[in-house]
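Colleague: Sharing upload_17.pdb, PDB, C-alpha atoms:
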```pdb
ATOM      1  CA  MET A 116     129.988 114.737 200.617
ATOM      2  CA  ALA A 117     126.930 113.454 198.766
ATOM      3  CA  TRP A 118     129.024 112.435 195.750
ATOM      4  CA  ARG A 119     131.207 110.307 198.011
ATOM      5  CA  GLY A 120     128.267 108.149 199.025
ATOM      6  CA  SER A 121     127.035 107.807 195.468
ATOM      7  CA  ILE A 122     130.499 106.741 194.251
ATOM      8  CA  LEU A 123     131.005 104.278 197.097
ATOM      9  CA  GLU A 124     127.633 102.706 196.299
ATOM     10  CA  ARG A 125     128.723 101.865 192.784
ATOM     11  CA  ILE A 126     132.250 100.628 193.428
ATOM     12  CA  ARG A 127     132.672  96.862 193.477
ATOM     13  CA  VAL A 128     135.834  95.240 194.797
ATOM     14  CA  PRO A 129     136.442  91.659 193.594
ATOM     15  CA  VAL A 130     136.070  89.244 196.495
ATOM     16  CA  MET A 131     139.314  87.370 195.851
ATOM     17  CA  GLN A 132     141.301  90.557 195.987
ATOM     18  CA  THR A 133     140.326  91.218 199.574
ATOM     19  CA  LEU A 134     140.374  87.661 200.829
ATOM     20  CA  ASP A 135     143.587  86.297 199.280
ATOM     21  CA  ARG A 136     145.832  87.123 202.218
ATOM     22  CA  SER A 137     144.189  84.783 204.690
ATOM     23  CA  PRO A 138     140.964  83.124 203.697
ATOM     24  CA  TRP A 139     139.887  82.355 207.262
ATOM     25  CA  SER A 140     139.965  85.776 208.834
ATOM     26  CA  LEU A 141     138.123  88.890 207.764
ATOM     27  CA  PRO A 142     140.220  91.803 206.563
ATOM     28  CA  ARG A 143     141.237  94.152 209.350
ATOM     29  CA  VAL A 144     138.904  96.909 208.209
ATOM     30  CA  TRP A 145     135.892  94.613 208.443
ATOM     31  CA  ASN A 146     137.014  93.353 211.818
ATOM     32  CA  ARG A 147     136.866  96.843 213.183
ATOM     33  CA  ARG A 148     133.621  97.469 211.383
ATOM     34  CA  LEU A 149     131.990  94.458 213.039
ATOM     35  CA  SER A 150     133.211  95.337 216.523
ATOM     36  CA  SER A 151     130.706  97.172 218.661
ATOM     37  CA  HIS A 152     133.144  99.758 219.845
ATOM     38  CA  GLY A 153     131.390 102.377 217.829
ATOM     39  CA  ASP A 154     134.484 104.133 216.603
ATOM     40  CA  ASP A 155     132.922 104.683 213.212
ATOM     41  CA  HIS A 156     132.460 108.325 212.468
ATOM     42  CA  LEU A 157     128.986 109.659 211.705
ATOM     43  CA  GLU A 158     128.491 112.373 209.137
ATOM     44  CA  LYS A 159     126.496 115.338 210.358
ATOM     45  CA  GLU A 160     123.885 114.922 207.603
ATOM     46  CA  GLU A 161     123.253 111.370 208.714
ATOM     47  CA  VAL A 162     122.894 112.452 212.341
ATOM     48  CA  ILE A 163     120.384 115.153 211.366
ATOM     49  CA  GLU A 164     118.341 112.746 209.267
ATOM     50  CA  ARG A 165     118.205 110.063 211.943
ATOM     51  CA  VAL A 166     117.442 112.512 214.780
ATOM     52  CA  LEU A 167     114.568 113.983 212.785
ATOM     53  CA  SER A 168     113.164 110.567 211.922
ATOM     54  CA  VAL A 169     113.180 109.610 215.625
ATOM     55  CA  VAL A 170     111.468 112.845 216.627
ATOM     56  CA  LYS A 171     108.833 112.388 213.919
ATOM     57  CA  CYS A 172     108.002 108.942 215.270
ATOM     58  CA  HIS A 173     106.852 110.269 218.644
ATOM     59  CA  PRO A 174     103.053 109.855 218.761
ATOM     60  CA  LYS A 175     102.403 113.416 219.987
ATOM     61  CA  VAL A 176     104.528 115.107 217.315
ATOM     62  CA  ASP A 177     103.140 116.466 214.060
ATOM     63  CA  PRO A 178     105.772 115.204 211.561
ATOM     64  CA  SER A 179     105.266 118.145 209.204
ATOM     65  CA  LYS A 180     106.479 120.597 211.874
ATOM     66  CA  VAL A 181     109.797 118.856 212.522
ATOM     67  CA  THR A 182     112.905 120.694 211.290
ATOM     68  CA  PRO A 183     116.478 120.675 212.655
ATOM     69  CA  ASP A 184     115.780 123.913 214.545
ATOM     70  CA  VAL A 185     112.640 123.059 216.522
ATOM     71  CA  HIS A 186     112.460 123.262 220.300
ATOM     72  CA  PHE A 187     110.632 120.274 221.779
ATOM     73  CA  GLN A 188     108.386 122.241 224.125
ATOM     74  CA  LYS A 189     108.075 125.648 222.466
ATOM     75  CA  ASP A 190     107.623 124.545 218.847
ATOM     76  CA  LEU A 191     106.270 121.001 219.010
ATOM     77  CA  GLY A 192     103.899 121.513 221.944
ATOM     78  CA  LEU A 193     105.371 118.678 224.000
ATOM     79  CA  ASP A 194     105.731 118.703 227.768
ATOM     80  CA  SER A 195     108.901 118.034 229.745
ATOM     81  CA  LEU A 196     108.209 114.299 230.173
ATOM     82  CA  ASP A 197     107.776 113.913 226.399
ATOM     83  CA  GLY A 198     111.183 115.539 226.062
ATOM     84  CA  VAL A 199     112.628 112.893 228.389
ATOM     85  CA  GLU A 200     111.050 110.176 226.230
ATOM     86  CA  LEU A 201     112.509 111.697 223.065
ATOM     87  CA  VAL A 202     116.019 111.847 224.526
ATOM     88  CA  MET A 203     115.738 108.216 225.594
ATOM     89  CA  ALA A 204     114.594 107.245 222.091
ATOM     90  CA  LEU A 205     117.613 109.084 220.668
ATOM     91  CA  GLU A 206     119.904 107.248 223.065
ATOM     92  CA  GLU A 207     118.557 103.947 221.799
ATOM     93  CA  GLU A 208     118.817 104.995 218.167
ATOM     94  CA  PHE A 209     122.478 105.974 218.481
ATOM     95  CA  LYS A 210     123.432 103.311 221.087
ATOM     96  CA  LEU A 211     124.438 105.998 223.551
ATOM     97  CA  GLU A 212     124.404 106.314 227.293
ATOM     98  CA  ILE A 213     123.971 109.974 228.180
ATOM     99  CA  PRO A 214     124.456 111.009 231.820
ATOM    100  CA  ASP A 215     121.191 112.161 233.432
ATOM    101  CA  LYS A 216     122.255 115.759 233.992
ATOM    102  CA  GLU A 217     123.402 116.176 230.388
ATOM    103  CA  ALA A 218     120.347 114.447 228.968
ATOM    104  CA  ASP A 219     118.179 116.799 230.982
ATOM    105  CA  LYS A 220     119.674 119.781 229.154
ATOM    106  CA  ILE A 221     118.850 118.459 225.674
ATOM    107  CA  ASP A 222     115.562 120.197 224.890
ATOM    108  CA  SER A 223     115.719 120.900 221.161
ATOM    109  CA  CYS A 224     116.619 119.145 217.912
ATOM    110  CA  ASN A 225     119.555 121.490 217.501
ATOM    111  CA  LEU A 226     121.139 120.541 220.827
ATOM    112  CA  ALA A 227     120.478 116.846 220.247
ATOM    113  CA  ILE A 228     122.119 116.925 216.814
ATOM    114  CA  GLU A 229     125.108 118.846 218.147
ATOM    115  CA  TYR A 230     125.550 116.505 221.129
ATOM    116  CA  ILE A 231     125.273 113.316 219.085
ATOM    117  CA  ALA A 232     127.475 114.517 216.220
ATOM    118  CA  ALA A 233     130.196 115.422 218.734
ATOM    119  CA  HIS A 234     129.900 112.135 220.662
ATOM    120  CA  PRO A 235     132.740 109.719 219.833
ATOM    121  CA  MET A 236     130.653 106.603 220.570
ATOM    122  CA  ALA A 237     127.557 107.472 218.522
ATOM    123  CA  SER A 238     126.844 104.813 215.919
TER     124      SER A 238
ATOM    125  CA  MET B 179     107.940 144.865 247.639
ATOM    126  CA  GLY B 180     111.517 143.637 247.770
ATOM    127  CA  VAL B 181     110.588 140.908 250.219
ATOM    128  CA  ALA B 182     107.726 139.777 247.980
ATOM    129  CA  ALA B 183     110.031 139.670 244.941
ATOM    130  CA  ALA B 184     112.633 137.696 246.894
ATOM    131  CA  GLY B 185     109.927 135.303 248.086
ATOM    132  CA  MET B 186     108.700 134.865 244.536
ATOM    133  CA  ALA B 187     112.250 134.200 243.317
ATOM    134  CA  THR B 188     112.776 131.544 246.011
ATOM    135  CA  TYR B 189     109.445 129.984 245.117
ATOM    136  CA  LEU B 190     110.284 129.844 241.402
ATOM    137  CA  ALA B 191     113.762 128.466 242.071
ATOM    138  CA  ARG B 192     112.279 125.748 244.227
ATOM    139  CA  ARG B 193     109.673 124.882 241.595
ATOM    140  CA  ALA B 194     112.397 124.696 238.921
ATOM    141  CA  ALA B 195     114.475 122.393 241.126
ATOM    142  CA  GLN B 196     111.431 120.184 241.686
ATOM    143  CA  ARG B 197     110.741 120.044 237.944
ATOM    144  CA  GLU B 198     114.314 118.936 237.301
ATOM    145  CA  ARG B 199     114.068 116.275 239.989
ATOM    146  CA  VAL B 200     110.851 114.964 238.461
ATOM    147  CA  ARG B 201     112.350 114.866 234.956
ATOM    148  CA  ILE B 202     115.384 112.919 236.152
ATOM    149  CA  LEU B 203     113.205 110.586 238.219
ATOM    150  CA  TYR B 204     111.005 109.948 235.173
ATOM    151  CA  ARG B 205     114.065 109.301 233.032
ATOM    152  CA  ARG B 206     115.544 106.794 235.460
ATOM    153  CA  ALA B 207     112.193 105.102 236.024
ATOM    154  CA  LEU B 208     111.558 104.845 232.285
ATOM    155  CA  LYS B 209     114.969 103.253 231.726
ATOM    156  CA  ASP B 210     114.333 100.870 234.572
ATOM    157  CA  THR B 211     110.978  99.945 233.042
ATOM    158  CA  LEU B 212     112.869  98.928 229.924
ATOM    159  CA  ASN B 213     115.203  96.818 232.078
ATOM    160  CA  TRP B 214     112.281  94.947 233.604
ATOM    161  CA  ALA B 215     110.457  94.357 230.313
ATOM    162  CA  VAL B 216     111.597  91.162 228.599
ATOM    163  CA  HIS B 217     109.886  92.130 225.342
ATOM    164  CA  ARG B 218     109.386  95.420 223.660
ATOM    165  CA  HIS B 219     105.583  95.114 223.514
ATOM    166  CA  LEU B 220     105.500  94.635 227.295
ATOM    167  CA  PHE B 221     107.554  97.792 227.708
ATOM    168  CA  TYR B 222     104.995  99.944 225.868
ATOM    169  CA  GLN B 223     102.230  99.060 228.321
ATOM    170  CA  ASP B 224     104.518  99.482 231.356
ATOM    171  CA  ALA B 225     105.783 102.818 230.072
ATOM    172  CA  SER B 226     102.297 104.212 229.586
ATOM    173  CA  ASP B 227     101.343 103.014 233.094
ATOM    174  CA  LEU B 228     104.392 104.822 234.453
ATOM    175  CA  ARG B 229     103.439 107.948 232.547
ATOM    176  CA  GLU B 230      99.934 107.818 234.009
ATOM    177  CA  ARG B 231     101.343 107.662 237.527
ATOM    178  CA  PHE B 232     103.283 110.856 236.820
ATOM    179  CA  GLU B 233     100.361 112.547 235.074
ATOM    180  CA  ALA B 234      98.072 111.816 238.043
ATOM    181  CA  ASN B 235      99.865 114.449 240.138
ATOM    182  CA  LYS B 236     100.481 116.899 237.324
ATOM    183  CA  HIS B 237      98.370 119.720 238.797
ATOM    184  CA  VAL B 238      99.567 119.578 242.404
ATOM    185  CA  GLU B 239     100.601 123.099 243.429
ATOM    186  CA  ASP B 240     101.566 122.836 247.102
ATOM    187  CA  LEU B 241     105.365 122.780 247.515
ATOM    188  CA  HIS B 242     105.427 120.416 250.479
ATOM    189  CA  THR B 243     103.028 117.970 248.836
ATOM    190  CA  ILE B 244     105.209 117.975 245.714
ATOM    191  CA  ASP B 245     108.320 117.315 247.798
ATOM    192  CA  ARG B 246     106.606 114.427 249.534
ATOM    193  CA  LEU B 247     105.387 112.962 246.239
ATOM    194  CA  ILE B 248     108.879 113.180 244.725
ATOM    195  CA  GLU B 249     110.385 111.500 247.770
ATOM    196  CA  ASP B 250     107.775 108.730 247.602
ATOM    197  CA  GLY B 251     108.548 108.277 243.924
ATOM    198  CA  GLU B 252     112.298 108.138 244.475
ATOM    199  CA  ALA B 253     111.856 105.655 247.316
ATOM    200  CA  ALA B 254     109.693 103.440 245.106
ATOM    201  CA  PHE B 255     112.235 103.699 242.297
ATOM    202  CA  ASN B 256     115.110 102.737 244.603
ATOM    203  CA  LYS B 257     113.152  99.812 245.986
ATOM    204  CA  TRP B 258     112.251  98.396 242.558
ATOM    205  CA  GLN B 259     115.512  99.054 240.747
ATOM    206  CA  HIS B 260     116.556  96.217 238.467
ATOM    207  CA  PRO B 261     119.531  94.298 239.914
ATOM    208  CA  ASP B 262     121.112  93.699 236.495
ATOM    209  CA  PRO B 263     120.285  96.684 234.290
ATOM    210  CA  TYR B 264     121.116  96.954 230.607
ATOM    211  CA  ILE B 265     124.270  99.025 230.126
ATOM    212  CA  VAL B 266     125.539 100.122 226.725
ATOM    213  CA  PRO B 267     128.650  97.937 226.106
ATOM    214  CA  TRP B 268     131.244 100.722 226.066
ATOM    215  CA  ALA B 269     129.849 102.566 229.106
ATOM    216  CA  PRO B 270     131.264 102.045 232.627
ATOM    217  CA  GLY B 271     129.900  98.718 233.856
ATOM    218  CA  GLY B 272     129.205  97.536 230.311
ATOM    219  CA  SER B 273     130.568  94.273 228.941
ATOM    220  CA  LYS B 274     133.149  96.004 226.736
ATOM    221  CA  PHE B 275     134.106  98.847 229.036
ATOM    222  CA  SER B 276     137.799  99.737 228.458
ATOM    223  CA  ARG B 277     138.318  96.753 226.145
ATOM    224  CA  ASN B 278     139.710  98.246 222.968
ATOM    225  CA  PRO B 279     140.135  96.708 219.512
ATOM    226  CA  LYS B 280     143.583  96.393 217.961
ATOM    227  CA  PRO B 281     144.731  99.544 216.192
ATOM    228  CA  PRO B 282     144.637  99.453 212.376
ATOM    229  CA  GLU B 283     147.682  98.074 210.526
ATOM    230  CA  GLY B 284     150.541 100.545 210.228
ATOM    231  CA  ILE B 285     149.906 102.087 213.632
ATOM    232  CA  GLU B 286     151.963 100.643 216.452
ATOM    233  CA  ILE B 287     153.452 101.652 219.764
ATOM    234  CA  VAL B 288     157.238 102.015 219.842
ATOM    235  CA  TYR B 289     158.542 100.991 223.241
ATOM    236  CA  ASN B 290     161.849 102.814 223.347
ATOM    237  CA  TYR B 291     160.565 105.745 225.345
ATOM    238  CA  GLY B 292     161.942 108.608 223.270
ATOM    239  CA  ARG B 293     165.476 107.222 222.955
ATOM    240  CA  GLU B 294     165.283 107.314 219.158
ATOM    241  CA  GLU B 295     165.944 111.050 219.296
ATOM    242  CA  ASN B 296     169.021 110.855 221.557
ATOM    243  CA  ASP B 297     170.894 107.885 220.084
TER     244      ASP B 297
END
```
What does this structure look like when you write it as structure tokens?

Modeller:
Amino acid sequence: MAWRGSILERIRVPVMQTLDRSPWSLPRVWNRRLSSHGDDHLEKEEVIERVLSVVKCHPKVDPSKVTPDVHFQKDLGLDSLDGVELVMALEEEFKLEIPDKEADKIDSCNLAIEYIAAHPMAS
Amino acid sequence: MGVAAAGMATYLARRAAQRERVRILYRRALKDTLNWAVHRHLFYQDASDLRERFEANKHVEDLHTIDRLIEDGEAAFNKWQHPDPYIVPWAPGGSKFSRNPKPPEGIEIVYNYGREEND
């Protein structure tokens, strides 16, 4: 899907073509885009990249060790409270609200990526 | 031998349950800290204070002391809970909970309840 992004970056649609129907309202697609309902779909690659960048930002994590497969406590040397902090940071990054019991089970990058990629409201 | 193993298993189960309770308490307290902080830079200081309060009792081993500490912590959390917490808009209690945008053009609901097949 990398080619899709690179094509979409280069395509330009003339402004008049999209606005000529009704100059005062945004096209429907944009309307939905601007709404905060979060129904936009996230690609798995994007989820992985953003999860890893959040994990790398934690002050106790060595960024060079972070890969999509690491376990927070076993591989990164964090304790359980650091894991809680990481999950909360991920919730903020993806504008999610994860129930406490489910959030408690997320203890590795792999699980976090899987959970967020499958979540319909992640954005 | 069997009794000792059973005792050990009960002990470990209880410790695991306590760990889970502490993790969830820390999670709720950390979120509530964010609710109370009006600016992000205030939150950082509050969060590290909260973390220190948890770290202070990190090495407590006695089961009953741990239970008492957890109960104290939960009582303090309940007492100081924010009355108007931040809720993600789509979540239950959020400002956009169950308010849905219009469907895209070309998708509409047909209100003839399946009659199109019989007529």

Colleague: Would you mind listing what lies within 10 Å of Met203 (chain A) as JSON, numbers by chain, with all atoms listed in the file counted and same-chain residues fewer than 2 positions away left out?

Modeller: {"A": [197, 198, 199, 200, 201, 205, 206, 207, 208, 211, 212, 213, 218], "B": [205, 206, 208, 209]}

Colleague: Find the distance between CA of Asp219 (chain A) and CA of Arg201 (chain B) and write it in Å to one decimal.

Modeller: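 If I compute the distance from CA of Asp219 (chain A) to CA of Arg201 (chain B), I get 7.3 Å.
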
Colleague: Identify all chain B residues at most 9 Å from chain A by counting all atoms listed in the file; ligands do not count. Present them as a list in words.

Modeller: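 The contacting residues on chain B are Arg197, Glu198, Val200, Arg201, Ile202, Tyr204, Arg205, Arg206, Leu208, Lys209, Arg229, Phe232, Ile265, Val266, Pro267, Trp268, Ala269, Lys274, Arg277, Asn278, Pro279, Lys280, Pro281, Pro282 and Glu283 of chain B.
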
Colleague: To one decimal in Å, tell me the separation between CA of Ser223 (chain A) and CA of Asp177 (chain A).

Modeller: 15.1 Å

Colleague: May I ask which of the residues A:Leu226, A:Leu193, A:Leu157, A:Ala237 is the closest one to Phe209 (chain A), counting all atoms listed in the file?

Modeller: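 Distance minimum relative to Phe209 (chain A) lands on A:Ala237.
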
Colleague: Quick one: which residues end up in the PyMOL selection byres ((chain B and resi 248) around 12) for this structure, as a list in words?

Modeller: Ala195, Gln196, Arg197, Glu198, Arg199, Val200, Arg201, Ile202, Leu203, Tyr204, Arg231, Phe232, Asn235, Lys236, Val238, Leu241, His242, Thr243, Ile244, Asp245, Arg246, Leu247, Glu249, Asp250, Gly251, Glu252, Ala253, Ala254 and Phe255 of chain B

Colleague: Could I get region 185-291 of chain B from the block written as a PDB file, in the first residue's frame, with C-alpha atoms?

Modeller:
```pdb
ATOM      1  CA  GLY B 185      -0.479 -22.553  50.694  1.00  0.00           C
ATOM      2  CA  MET B 186       2.126 -21.245  48.284  1.00  0.00           C
ATOM      3  CA  ALA B 187      -0.399 -21.283  45.427  1.00  0.00           C
ATOM      4  CA  THR B 188      -2.926 -19.321  47.513  1.00  0.00           C
ATOM      5  CA  TYR B 189      -0.215 -16.864  48.480  1.00  0.00           C
ATOM      6  CA  LEU B 190       0.859 -16.322  44.864  1.00  0.00           C
ATOM      7  CA  ALA B 191      -2.734 -15.973  43.676  1.00  0.00           C
ATOM      8  CA  ARG B 192      -3.367 -13.368  46.331  1.00  0.00           C
ATOM      9  CA  ARG B 193      -0.202 -11.465  45.424  1.00  0.00           C
ATOM     10  CA  ALA B 194      -1.198 -11.516  41.735  1.00  0.00           C
ATOM     11  CA  ALA B 195      -4.660 -10.192  42.599  1.00  0.00           C
ATOM     12  CA  GLN B 196      -3.083  -7.426  44.677  1.00  0.00           C
ATOM     13  CA  ARG B 197      -0.739  -6.504  41.822  1.00  0.00           C
ATOM     14  CA  GLU B 198      -3.693  -6.218  39.456  1.00  0.00           C
ATOM     15  CA  ARG B 199      -5.585  -4.061  41.932  1.00  0.00           C
ATOM     16  CA  VAL B 200      -2.584  -1.765  42.292  1.00  0.00           C
ATOM     17  CA  ARG B 201      -2.143  -1.461  38.517  1.00  0.00           C
ATOM     18  CA  ILE B 202      -5.796  -0.546  38.019  1.00  0.00           C
ATOM     19  CA  LEU B 203      -5.700   1.877  40.949  1.00  0.00           C
ATOM     20  CA  TYR B 204      -2.599   3.532  39.474  1.00  0.00           C
ATOM     21  CA  ARG B 205      -4.266   3.750  36.078  1.00  0.00           C
ATOM     22  CA  ARG B 206      -7.405   5.379  37.443  1.00  0.00           C
ATOM     23  CA  ALA B 207      -5.424   7.727  39.674  1.00  0.00           C
ATOM     24  CA  LEU B 208      -3.162   8.747  36.796  1.00  0.00           C
ATOM     25  CA  LYS B 209      -6.167   9.520  34.592  1.00  0.00           C
ATOM     26  CA  ASP B 210      -7.732  11.481  37.399  1.00  0.00           C
ATOM     27  CA  THR B 211      -4.503  13.444  37.823  1.00  0.00           C
ATOM     28  CA  LEU B 212      -4.845  14.465  34.193  1.00  0.00           C
ATOM     29  CA  ASN B 213      -8.436  15.549  34.879  1.00  0.00           C
ATOM     30  CA  TRP B 214      -7.328  17.803  37.718  1.00  0.00           C
ATOM     31  CA  ALA B 215      -4.404  19.360  35.840  1.00  0.00           C
ATOM     32  CA  VAL B 216      -5.455  22.414  33.836  1.00  0.00           C
ATOM     33  CA  HIS B 217      -2.179  22.449  31.903  1.00  0.00           C
ATOM     34  CA  ARG B 218       0.024  19.709  30.662  1.00  0.00           C
ATOM     35  CA  HIS B 219       3.132  20.961  32.493  1.00  0.00           C
ATOM     36  CA  LEU B 220       1.221  20.814  35.789  1.00  0.00           C
ATOM     37  CA  PHE B 221       0.266  17.225  35.037  1.00  0.00           C
ATOM     38  CA  TYR B 222       3.901  16.104  34.736  1.00  0.00           C
ATOM     39  CA  GLN B 223       4.722  17.224  38.274  1.00  0.00           C
ATOM     40  CA  ASP B 224       1.490  15.755  39.698  1.00  0.00           C
ATOM     41  CA  ALA B 225       2.063  12.470  37.892  1.00  0.00           C
ATOM     42  CA  SER B 226       5.578  12.077  39.240  1.00  0.00           C
ATOM     43  CA  ASP B 227       4.303  12.876  42.760  1.00  0.00           C
ATOM     44  CA  LEU B 228       1.671  10.174  42.333  1.00  0.00           C
ATOM     45  CA  ARG B 229       4.306   7.739  41.135  1.00  0.00           C
ATOM     46  CA  GLU B 230       6.440   8.484  44.189  1.00  0.00           C
ATOM     47  CA  ARG B 231       3.526   7.704  46.489  1.00  0.00           C
ATOM     48  CA  PHE B 232       3.219   4.293  44.834  1.00  0.00           C
ATOM     49  CA  GLU B 233       6.971   3.686  44.807  1.00  0.00           C
ATOM     50  CA  ALA B 234       7.194   4.457  48.542  1.00  0.00           C
ATOM     51  CA  ASN B 235       5.482   1.155  49.377  1.00  0.00           C
ATOM     52  CA  LYS B 236       7.068  -0.871  46.605  1.00  0.00           C
ATOM     53  CA  HIS B 237       8.923  -3.290  48.906  1.00  0.00           C
ATOM     54  CA  VAL B 238       6.145  -4.045  51.390  1.00  0.00           C
ATOM     55  CA  GLU B 239       5.839  -7.832  51.682  1.00  0.00           C
ATOM     56  CA  ASP B 240       3.182  -8.426  54.343  1.00  0.00           C
ATOM     57  CA  LEU B 241      -0.158  -9.376  52.749  1.00  0.00           C
ATOM     58  CA  HIS B 242      -2.350  -7.624  55.300  1.00  0.00           C
ATOM     59  CA  THR B 243      -0.303  -4.425  55.161  1.00  0.00           C
ATOM     60  CA  ILE B 244      -0.578  -4.451  51.363  1.00  0.00           C
ATOM     61  CA  ASP B 245      -4.344  -4.931  51.566  1.00  0.00           C
ATOM     62  CA  ARG B 246      -4.634  -2.038  53.982  1.00  0.00           C
ATOM     63  CA  LEU B 247      -2.464   0.206  51.804  1.00  0.00           C
ATOM     64  CA  ILE B 248      -4.535  -0.611  48.709  1.00  0.00           C
ATOM     65  CA  GLU B 249      -7.751   0.119  50.577  1.00  0.00           C
ATOM     66  CA  ASP B 250      -6.343   3.434  51.818  1.00  0.00           C
ATOM     67  CA  GLY B 251      -5.326   4.285  48.272  1.00  0.00           C
ATOM     68  CA  GLU B 252      -8.718   3.403  46.824  1.00  0.00           C
ATOM     69  CA  ALA B 253     -10.471   5.414  49.529  1.00  0.00           C
ATOM     70  CA  ALA B 254      -8.275   8.427  48.778  1.00  0.00           C
ATOM     71  CA  PHE B 255      -8.923   8.018  45.060  1.00  0.00           C
ATOM     72  CA  ASN B 256     -12.692   7.848  45.579  1.00  0.00           C
ATOM     73  CA  LYS B 257     -12.621  10.894  47.819  1.00  0.00           C
ATOM     74  CA  TRP B 258     -10.633  13.036  45.362  1.00  0.00           C
ATOM     75  CA  GLN B 259     -12.240  11.904  42.125  1.00  0.00           C
ATOM     76  CA  HIS B 260     -12.831  14.733  39.678  1.00  0.00           C
ATOM     77  CA  PRO B 261     -16.548  15.594  39.426  1.00  0.00           C
ATOM     78  CA  ASP B 262     -16.365  16.342  35.689  1.00  0.00           C
ATOM     79  CA  PRO B 263     -13.729  14.060  34.173  1.00  0.00           C
ATOM     80  CA  TYR B 264     -12.543  14.207  30.581  1.00  0.00           C
ATOM     81  CA  ILE B 265     -14.290  11.532  28.517  1.00  0.00           C
ATOM     82  CA  VAL B 266     -13.355  10.734  24.928  1.00  0.00           C
ATOM     83  CA  PRO B 267     -16.261  12.158  22.837  1.00  0.00           C
ATOM     84  CA  TRP B 268     -17.549   8.866  21.427  1.00  0.00           C
ATOM     85  CA  ALA B 269     -17.333   6.946  24.721  1.00  0.00           C
ATOM     86  CA  PRO B 270     -20.362   6.513  27.025  1.00  0.00           C
ATOM     87  CA  GLY B 271     -20.823   9.822  28.835  1.00  0.00           C
ATOM     88  CA  GLY B 272     -18.878  11.708  26.167  1.00  0.00           C
ATOM     89  CA  SER B 273     -20.300  14.716  24.346  1.00  0.00           C
ATOM     90  CA  LYS B 274     -20.838  12.792  21.101  1.00  0.00           C
ATOM     91  CA  PHE B 275     -21.901   9.461  22.538  1.00  0.00           C
ATOM     92  CA  SER B 276     -24.393   7.798  20.133  1.00  0.00           C
ATOM     93  CA  ARG B 277     -24.580  10.902  17.930  1.00  0.00           C
ATOM     94  CA  ASN B 278     -23.739   9.659  14.465  1.00  0.00           C
ATOM     95  CA  PRO B 279     -22.864  11.594  11.306  1.00  0.00           C
ATOM     96  CA  LYS B 280     -25.039  11.303   8.211  1.00  0.00           C
ATOM     97  CA  PRO B 281     -24.191   8.304   6.053  1.00  0.00           C
ATOM     98  CA  PRO B 282     -22.286   9.045   2.828  1.00  0.00           C
ATOM     99  CA  GLU B 283     -24.299   9.918  -0.300  1.00  0.00           C
ATOM    100  CA  GLY B 284     -25.774   6.904  -2.063  1.00  0.00           C
ATOM    101  CA  ILE B 285     -26.449   5.025   1.160  1.00  0.00           C
ATOM    102  CA  GLU B 286     -29.939   5.431   2.547  1.00  0.00           C
ATOM    103  CA  ILE B 287     -32.474   3.553   4.609  1.00  0.00           C
ATOM    104  CA  VAL B 288     -35.517   2.261   2.728  1.00  0.00           C
ATOM    105  CA  TYR B 289     -38.545   2.356   4.993  1.00  0.00           C
ATOM    106  CA  ASN B 290     -40.775  -0.217   3.358  1.00  0.00           C
ATOM    107  CA  TYR B 291     -39.822  -3.030   5.683  1.00  0.00           C
TER     108      TYR B 291
END
```
